[in-house]
Structures are given as C-alpha cells and as structure tokens.
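Only one structure is covered here, and it is reproduced in the block below.
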Amino acid sequence: MRYRQVLTDPIIDNNPVTLQILGICSAVAVTRSMWPAFVMAISVTAVLMFSNTAVSALRGIMPRSVRLVLEVTLIASAVIVADEALQAYAPETSKTLSVFVGLIITNCIVLGRAESFALNNGVRASFLDGLGNGIGYGLLLLSVAAVRELFGSGTLMDQPVFAQTADSAIFVANEFMALPASAFFIIGLIIWALRSWKPDQVEAREFDAEDGG
C-alpha cells in the first residue's frame, strides 16, 4: 500500500466534504471565524487518528455483532478527552464551539472512515488515513471560515485586516457572511471550482434527460 497516497488523497482527490459530502453540518456551524474552525479541525483530526488506529488494532478481536457499538464507544471516548482538554486549556473557545465538539461523535466522517478503511487495513495506514481526512476536512473548514470572517468582519484569526471606522467606508461588513447559509454557498462554490478543475470528480448522470428516464 502506498502510504503517501493514503495520506494525500483525502486532501483534494477524495476530500470527505467536497467529494463525499460528509461533515457539512459542522462546516456550516463553526466557520463564522477562523479560530473556532481551526480548533474544530484539530479536534476532529485527533479523534479520526485515534479512532482509526484503535479500530484497526482491535479489528482482529472485535466481535462483528457488536462492532458498531465498540466503534462508537472508542469515538466517544476520544471526543470526551478532546472536549475536556478544550475546557481546561481553551475555555473561551470551548464556549464558542458549545455542543459542536461533543457532536463529533455523530460526524459521518469519523465513523465512515472507521467502517470503510480502518476495519480493512493495518494500523499505520489507518493512522495516516485519519490524519489525511482530518487535514482535508480542516482545510475546507478554514477556507470557508477565512471567507466568512474576512468579508463578514474584516478580520482573520481575530486580527484586523480591513480598517473599519464609524465615518469611513473603507470596509463595510457583509452581514450575510454572519449567517450559516453563507457557508452553504461558499462550500458549493468550492465544490464547483474543484470539479471544474478535476472533471473526474463529477458524478455520472443517473439518467439521460433526452430518454426521459
């Protein structure tokens, strides 16, 4: 197995958000600014690496009848640790992210990679797959957050980029960028741009309109 391909494929060629359309909810919820998006990306990546590695290591002794229960338990354990670490070392960010860190348990990317990859591959490959998918997910989150924060408040990572004064029109905040709906449009544009660049990512039509079915 080519470990480099396992690591790099999820970044663009098989990105969990843009190609597999997974993890959309968190991409909408935590991308109003870059810092929470960065912390969420790190948290999801850490959970992915742990759960993939653990599932791969235990796949030989894991009873198939309770496989999903064990996988969810492993994922939940990692999420609890990540949430407690955030509350201890980054309490303000933890408050900003609110329940969304806990909801990593329900993130389709995490369970999906455990089921589709970690159960069928070795520990090293599974670790790299978790890291690659975390990076791909994180880059998407940060790209969306950068656009929303820059045009919504004139800052990046909470640092001023555009001057904003009461009596100057140098920068006028776009209020639409503060709304979750803006993330859908940005993600849609990113998907369109990627599939224009890489036509092989476009899904085949399920039917021919000319044939009527």
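Numbering starts fresh at 1 for the residues of each chain in the structure tokens, the chains themselves are lettered A, B, ... in the order given, and ligands are numbered from 1 as they appear.
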query: So which residues touch Ile104 (chain A) within 7 Å, counting only C-alpha atoms, skipping near sequence neighbours fewer than 3 positions away, as a PyMOL selection string?
result: chain A and resi 44+79+100-101+107
Emit the selected residues as an mmCIF file, in the first residue's frame, including N, CA and C atoms.
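again35.cif, freshly written:
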```cif
data_model
loop_
_atom_site.group_PDB
_atom_site.id
_atom_site.type_symbol
_atom_site.label_atom_id
_atom_site.label_comp_id
_atom_site.auth_asym_id
_atom_site.auth_seq_id
_atom_site.Cartn_x
_atom_site.Cartn_y
_atom_site.Cartn_z
ATOM 1 N N VAL A 44 -11.274 17.231 15.379
ATOM 2 C CA VAL A 44 -11.756 16.150 14.513
ATOM 3 C C VAL A 44 -10.581 15.298 14.022
ATOM 4 N N VAL A 79 -13.646 11.809 21.892
ATOM 5 C CA VAL A 79 -14.338 13.101 21.893
ATOM 6 C C VAL A 79 -14.396 13.682 23.301
ATOM 7 N N PHE A 100 -20.804 21.610 19.674
ATOM 8 C CA PHE A 100 -20.341 21.044 18.408
ATOM 9 C C PHE A 100 -19.159 20.098 18.570
ATOM 10 N N VAL A 101 -18.339 20.296 19.602
ATOM 11 C CA VAL A 101 -17.260 19.337 19.847
ATOM 12 C C VAL A 101 -17.850 17.986 20.225
ATOM 13 N N ASN A 107 -20.359 12.795 13.702
ATOM 14 C CA ASN A 107 -19.797 13.206 12.417
ATOM 15 C C ASN A 107 -19.598 11.981 11.526
#
```
message: Considering only helix (DSSP H, G or I) as DSSP defines it on the backbone, what residues of chain A qualify? List them as a PyMOL selection string.
response: chain A and resi 3-8+24-29+34-58+64-89+91-100+102-106+108-116+118-120+123-153+175-178+180-197+199-201+209-211
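Using only C-alpha atoms, the shortest contact distance between Ile105 (chain A) and any of A:Ala88, A:Leu131, A:Phe185, A:Gly23 is found at A:Gly23.
If you count only C-alpha atoms and ignore residues fewer than 5 places along the chain from Gly154 (chain A), what sits within 9 Å of it is Glu149, Gln159, Pro160, Val161, Phe162, Ala163, Gln164, Phe171, Val172 and Ala173 of chain A.
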For the selection you just gave me, I'd like the residues written to a file as a PDB file, in the first residue's frame, keeping C-alpha atoms.
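Okay, this is what ended up in again-v3.pdb:
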```
ATOM      1  CA  GLU A 149     -14.557  36.174   8.638  1.00  0.00           C
ATOM      2  CA  GLN A 159      -6.706  40.190  13.709  1.00  0.00           C
ATOM      3  CA  PRO A 160      -7.839  43.300  11.746  1.00  0.00           C
ATOM      4  CA  VAL A 161      -7.238  43.156   8.005  1.00  0.00           C
ATOM      5  CA  PHE A 162      -9.539  45.891   6.717  1.00  0.00           C
ATOM      6  CA  ALA A 163      -9.802  49.217   8.529  1.00  0.00           C
ATOM      7  CA  GLN A 164     -13.277  49.860   9.835  1.00  0.00           C
ATOM      8  CA  PHE A 171     -14.740  48.443   4.643  1.00  0.00           C
ATOM      9  CA  VAL A 172     -18.401  47.614   5.095  1.00  0.00           C
ATOM     10  CA  ALA A 173     -19.135  44.283   6.779  1.00  0.00           C
TER      11      ALA A 173
END
```
query: What does the distance between CA of Val69 (chain A) and CA of Val47 (chain A) come to in Å, to one decimal place?
result: 16.4 Å
- request: Mind listing the strand (DSSP E or B) residues of chain A, per DSSP on the backbone, as an MDAnalysis selection string?
  value: chainID A and resid 155:156 159:160
query: CA of Ala118 (chain A) to CA of Thr18 (chain A): how many Å, to one decimal?
result: 21.3 Å
- prompt: Which residues, written as a list in words, have at least one atom at most 10 Å from Val28 (chain A), with only C-alpha atoms counted and residues fewer than 2 positions away on the same chain left out?
  reply: Gly23, Ile24, Cys25, Ser26, Val30, Thr31, Arg32, Ala37, Leu141, Val144, Ala145, Leu179, Pro180, Ala181, Ser182, Ala183, Phe184, Ile186 and Ile187 of chain A
task: Kindly give the distance, in Å, that separates CA of Ile170 (chain A) and CA of Pro36 (chain A), rounded to a single decimal.
output: 26.7 Å
Sorted per-residue table, region 72-179 of chain A near region 11-15 of chain A, closest atoms and distance, 8 Å, only C-alpha atoms, as a Markdown table:
```
| residue | atom | partner | partner_atom | distance |
| --- | --- | --- | --- | --- |
| A:Gly132 | CA | A:Ile11 | CA | 6.3 |
| A:Asn133 | CA | A:Ile11 | CA | 6.6 |
| A:Ile135 | CA | A:Ile11 | CA | 6.3 |
| A:Gly136 | CA | A:Ile11 | CA | 3.9 |
| A:Tyr137 | CA | A:Asn15 | CA | 7.0 |
| A:Leu139 | CA | A:Ile11 | CA | 7.8 |
```
Save the residues we just selected, N, CA and C atoms, as a compact mmCIF listing (two decimals), in the first residue's frame?
```txt
# COMPACT_ATOMS: atom_id res chain seq x y z
N GLY A 132 -4.97 12.21 7.10
CA GLY A 132 -5.28 12.80 5.80
C GLY A 132 -6.69 13.33 5.72
N ASN A 133 -7.65 12.56 6.22
CA ASN A 133 -9.04 13.02 6.20
C ASN A 133 -9.24 14.22 7.13
N ILE A 135 -6.93 16.49 7.77
CA ILE A 135 -6.34 17.64 7.07
C ILE A 135 -7.29 18.13 5.97
N GLY A 136 -7.85 17.20 5.21
CA GLY A 136 -8.79 17.59 4.15
C GLY A 136 -10.01 18.30 4.70
N TYR A 137 -10.54 17.77 5.78
CA TYR A 137 -11.69 18.40 6.44
C TYR A 137 -11.31 19.76 6.99
N LEU A 139 -8.85 21.84 6.06
CA LEU A 139 -8.60 22.83 5.02
C LEU A 139 -9.91 23.40 4.48
```
